[in-house]
Amino acid sequence: MSTLSVDKLIDIMRATQGDSGGASALTEEVLDTPFTSLNVDSLAVLEIVTQIQDEFQLRIPDAAMEGMKTPRQILDHVNGLLAESS
């Protein structure tokens with residue numbers, strides 16, 4: 001069974017933010033920090049989720065995405081879907 005690791009999520013977040021924002025400050029310690037506090041806007045969250053969907057071949061409903069306010073919520077939701085599909 002594959003899972004979305006913390007490191008992989010952080011790599012995806014850094015890739016979507018590029019050199020802007022606080023991408024270099026993304027560490028496991030910020031998992032419970034709201035995206036707004038991390039200077040990650042809703043478009044960036046959409047890009048993160050889209051990349052995860054492509055890589056893990058998942059479908060994450062829009063309503064679920066709207067409820068994802070922290071990196072941990074993405075991590076938990078994706079890993080829950082992956083566990084269900086195994």
# chains A, B, ... in the order shown; residues from 1 in each chain; ligands from 1
>>> residues_around(residues="Ser42 (chain A)", least_positions_apart="5", cutoff="10 Å", atoms="only C-alpha atoms", output="number ranges by chain")
A: 35-36, 47-48, 65-66, 68-69
>>> write_last_selection(atoms="N, CA, C and O atoms", output="short mmCIF file (atom, residue, chain, number, x, y, z; two decimals), in the first residue's frame")
data_model
loop_
_atom_site.label_atom_id
_atom_site.label_comp_id
_atom_site.auth_asym_id
_atom_site.auth_seq_id
_atom_site.Cartn_x
_atom_site.Cartn_y
_atom_site.Cartn_z
N PHE A 35 -3.13 27.09 6.04
CA PHE A 35 -2.50 27.53 4.79
C PHE A 35 -2.39 29.04 4.72
O PHE A 35 -1.40 29.58 4.22
N THR A 36 -3.39 29.74 5.22
CA THR A 36 -3.35 31.20 5.17
C THR A 36 -2.15 31.75 5.93
O THR A 36 -1.54 32.73 5.51
N GLU A 47 -3.51 23.42 -6.67
CA GLU A 47 -2.38 22.86 -7.39
C GLU A 47 -1.74 21.70 -6.63
O GLU A 47 -1.38 20.68 -7.22
N ILE A 48 -1.63 21.84 -5.31
CA ILE A 48 -1.08 20.76 -4.48
C ILE A 48 -1.94 19.52 -4.60
O ILE A 48 -1.45 18.41 -4.84
N MET A 65 -11.79 19.23 -0.71
CA MET A 65 -10.69 20.20 -0.84
C MET A 65 -11.00 21.48 -0.06
O MET A 65 -10.12 22.06 0.56
N GLU A 66 -12.25 21.91 -0.11
CA GLU A 66 -12.63 23.14 0.58
C GLU A 66 -12.45 23.02 2.08
O GLU A 66 -12.21 24.01 2.76
N MET A 68 -10.01 21.39 3.53
CA MET A 68 -8.60 21.19 3.85
C MET A 68 -7.94 22.53 4.12
O MET A 68 -7.63 23.27 3.20
N LYS A 69 -7.76 22.82 5.38
CA LYS A 69 -7.22 24.13 5.79
C LYS A 69 -5.77 24.07 6.24
O LYS A 69 -5.14 25.10 6.43
#
>>> residues_around(residues="Gly80 (chain A)", least_positions_apart="2", cutoff="12 Å", atoms="only C-alpha atoms", output="tab-separated table (two decimals) with all heavy atoms, in the first residue's frame")
chain	number	residue	atom	x	y	z
A	1	MET	N	0.85	-1.18	0.00
A	1	MET	CA	0.00	0.00	0.00
A	1	MET	C	0.89	1.24	0.00
A	1	MET	O	1.84	1.35	0.76
A	1	MET	CB	-0.89	-0.01	1.24
A	1	MET	CG	-1.65	1.28	1.44
A	1	MET	SD	-2.70	1.29	2.90
A	1	MET	CE	-1.53	1.62	4.18
A	2	SER	N	0.58	2.18	-0.85
A	2	SER	CA	1.34	3.43	-0.87
A	2	SER	C	0.66	4.45	0.04
A	2	SER	O	-0.54	4.39	0.28
A	2	SER	CB	1.44	3.96	-2.30
A	2	SER	OG	0.16	4.29	-2.78
A	3	THR	N	1.47	5.35	0.54
A	3	THR	CA	0.95	6.44	1.38
A	3	THR	C	1.63	7.73	0.98
A	3	THR	O	2.71	7.72	0.37
A	3	THR	CB	1.20	6.19	2.88
A	3	THR	OG1	2.60	6.11	3.11
A	3	THR	CG2	0.52	4.93	3.37
A	4	LEU	N	0.99	8.81	1.31
A	4	LEU	CA	1.57	10.13	1.12
A	4	LEU	C	2.36	10.45	2.37
A	4	LEU	O	1.79	10.59	3.46
A	4	LEU	CB	0.48	11.17	0.88
A	4	LEU	CG	0.93	12.62	0.78
A	4	LEU	CD1	1.90	12.82	-0.39
A	4	LEU	CD2	-0.27	13.54	0.64
A	58	LEU	N	-5.84	9.40	-7.64
A	58	LEU	CA	-6.99	9.55	-6.76
A	58	LEU	C	-7.93	10.60	-7.29
A	58	LEU	O	-7.54	11.45	-8.09
A	58	LEU	CB	-6.53	10.03	-5.37
A	58	LEU	CG	-5.72	9.10	-4.51
A	58	LEU	CD1	-5.22	9.84	-3.29
A	58	LEU	CD2	-6.55	7.91	-4.09
A	60	ILE	N	-10.19	13.50	-5.50
A	60	ILE	CA	-10.55	14.18	-4.27
A	60	ILE	C	-11.66	15.18	-4.61
A	60	ILE	O	-11.44	16.10	-5.40
A	60	ILE	CB	-9.34	14.90	-3.65
A	60	ILE	CG1	-8.25	13.88	-3.33
A	60	ILE	CG2	-9.75	15.67	-2.40
A	60	ILE	CD1	-6.94	14.47	-2.89
A	72	ARG	N	-1.76	18.97	7.28
A	72	ARG	CA	-2.12	17.69	7.90
A	72	ARG	C	-3.48	17.20	7.42
A	72	ARG	O	-3.69	16.00	7.24
A	72	ARG	CB	-2.11	17.78	9.43
A	72	ARG	CG	-2.37	16.40	10.06
A	72	ARG	CD	-2.29	16.38	11.57
A	72	ARG	NE	-1.13	16.98	12.13
A	72	ARG	CZ	0.07	16.37	12.25
A	72	ARG	NH1	0.23	15.16	11.79
A	72	ARG	NH2	1.07	17.01	12.82
A	73	GLN	N	-4.41	18.11	7.18
A	73	GLN	CA	-5.73	17.69	6.70
A	73	GLN	C	-5.62	17.06	5.30
A	73	GLN	O	-6.32	16.10	5.01
A	73	GLN	CB	-6.70	18.87	6.71
A	73	GLN	CG	-7.10	19.26	8.13
A	73	GLN	CD	-7.96	20.49	8.18
A	73	GLN	OE1	-7.90	21.37	7.32
A	73	GLN	NE2	-8.77	20.59	9.23
A	74	ILE	N	-4.74	17.60	4.47
A	74	ILE	CA	-4.51	16.97	3.16
A	74	ILE	C	-3.89	15.60	3.36
A	74	ILE	O	-4.34	14.60	2.78
A	74	ILE	CB	-3.62	17.85	2.26
A	74	ILE	CG1	-4.36	19.10	1.81
A	74	ILE	CG2	-3.13	17.05	1.05
A	74	ILE	CD1	-3.54	20.04	0.94
A	75	LEU	N	-2.86	15.53	4.18
A	75	LEU	CA	-2.15	14.29	4.44
A	75	LEU	C	-3.11	13.21	4.95
A	75	LEU	O	-3.14	12.09	4.43
A	75	LEU	CB	-1.04	14.56	5.45
A	75	LEU	CG	-0.04	13.47	5.71
A	75	LEU	CD1	0.88	13.29	4.50
A	75	LEU	CD2	0.80	13.81	6.93
A	76	ASP	N	-3.91	13.55	5.95
A	76	ASP	CA	-4.84	12.59	6.53
A	76	ASP	C	-5.90	12.15	5.53
A	76	ASP	O	-6.24	10.96	5.44
A	76	ASP	CB	-5.51	13.17	7.78
A	76	ASP	CG	-4.55	13.34	8.95
A	76	ASP	OD1	-3.43	12.77	8.90
A	76	ASP	OD2	-4.91	14.05	9.91
A	77	HIS	N	-6.44	13.09	4.77
A	77	HIS	CA	-7.49	12.76	3.80
A	77	HIS	C	-6.95	11.84	2.71
A	77	HIS	O	-7.56	10.81	2.39
A	77	HIS	CB	-8.08	14.03	3.18
A	77	HIS	CG	-9.27	13.76	2.34
A	77	HIS	ND1	-10.54	13.61	2.87
A	77	HIS	CD2	-9.40	13.56	1.01
A	77	HIS	CE1	-11.39	13.34	1.89
A	77	HIS	NE2	-10.71	13.31	0.75
A	78	VAL	N	-5.80	12.19	2.16
A	78	VAL	CA	-5.21	11.38	1.08
A	78	VAL	C	-4.87	9.98	1.59
A	78	VAL	O	-5.18	8.99	0.95
A	78	VAL	CB	-3.98	12.07	0.48
A	78	VAL	CG1	-3.20	11.15	-0.44
A	78	VAL	CG2	-4.40	13.33	-0.27
A	82	LEU	N	-6.23	6.37	0.30
A	82	LEU	CA	-5.31	5.32	-0.13
A	82	LEU	C	-5.54	4.03	0.65
A	82	LEU	O	-5.49	2.93	0.09
A	82	LEU	CB	-3.86	5.77	0.01
A	82	LEU	CG	-3.42	6.86	-0.97
A	82	LEU	CD1	-2.06	7.42	-0.58
A	82	LEU	CD2	-3.39	6.34	-2.39
A	83	ALA	N	-5.84	4.15	1.94
A	83	ALA	CA	-6.12	2.97	2.77
A	83	ALA	C	-7.41	2.29	2.32
A	83	ALA	O	-7.49	1.06	2.28
A	83	ALA	CB	-6.20	3.37	4.24
A	84	GLU	N	-8.42	3.09	1.95
A	84	GLU	CA	-9.69	2.54	1.48
A	84	GLU	C	-9.53	1.79	0.17
A	84	GLU	O	-10.22	0.80	-0.07
A	84	GLU	CB	-10.72	3.65	1.28
A	84	GLU	CG	-11.25	4.27	2.54
A	84	GLU	CD	-12.15	5.45	2.25
A	84	GLU	OE1	-12.54	5.68	1.09
A	84	GLU	OE2	-12.48	6.17	3.22
A	85	SER	N	-8.63	2.27	-0.69
A	85	SER	CA	-8.50	1.67	-2.01
A	85	SER	C	-7.59	0.45	-2.03
A	85	SER	O	-7.47	-0.20	-3.06
A	85	SER	CB	-7.97	2.72	-3.01
A	85	SER	OG	-6.64	3.08	-2.69
A	86	SER	N	-6.96	0.14	-0.91
A	86	SER	CA	-6.06	-1.03	-0.92
A	86	SER	C	-6.78	-2.29	-0.53
A	86	SER	O	-7.85	-2.34	-0.08
A	86	SER	CB	-4.89	-0.79	0.02
A	86	SER	OG	-5.33	-0.66	1.35
>>> residues_around(residues="Thr33 (chain A)", least_positions_apart="3", cutoff="8 Å", atoms="only C-alpha atoms", output="list in words")
Val30, Ser37, Leu38, Thr70 and Pro71 of chain A
>>> residues_around(residues="Leu46 (chain A)", least_positions_apart="5", cutoff="10 Å", atoms="only C-alpha atoms", output="list in words")
Thr16, Asp41, Gln51, Ile52, Asp62, Met65 and Glu66 of chain A
>>> select_by_dssp(residues="chain A", states="alpha helix (DSSP H)", output="PyMOL selection string")
chain A and resi 6-17+42-56+62-66+71-85
>>> residues_around(residues="Ile10 (chain A)", least_positions_apart="3", cutoff="7 Å", atoms="only C-alpha atoms", output="list of chain:residue names")
A:Val6, A:Asp7, A:Met13, A:Arg14, A:Leu26, A:Thr27
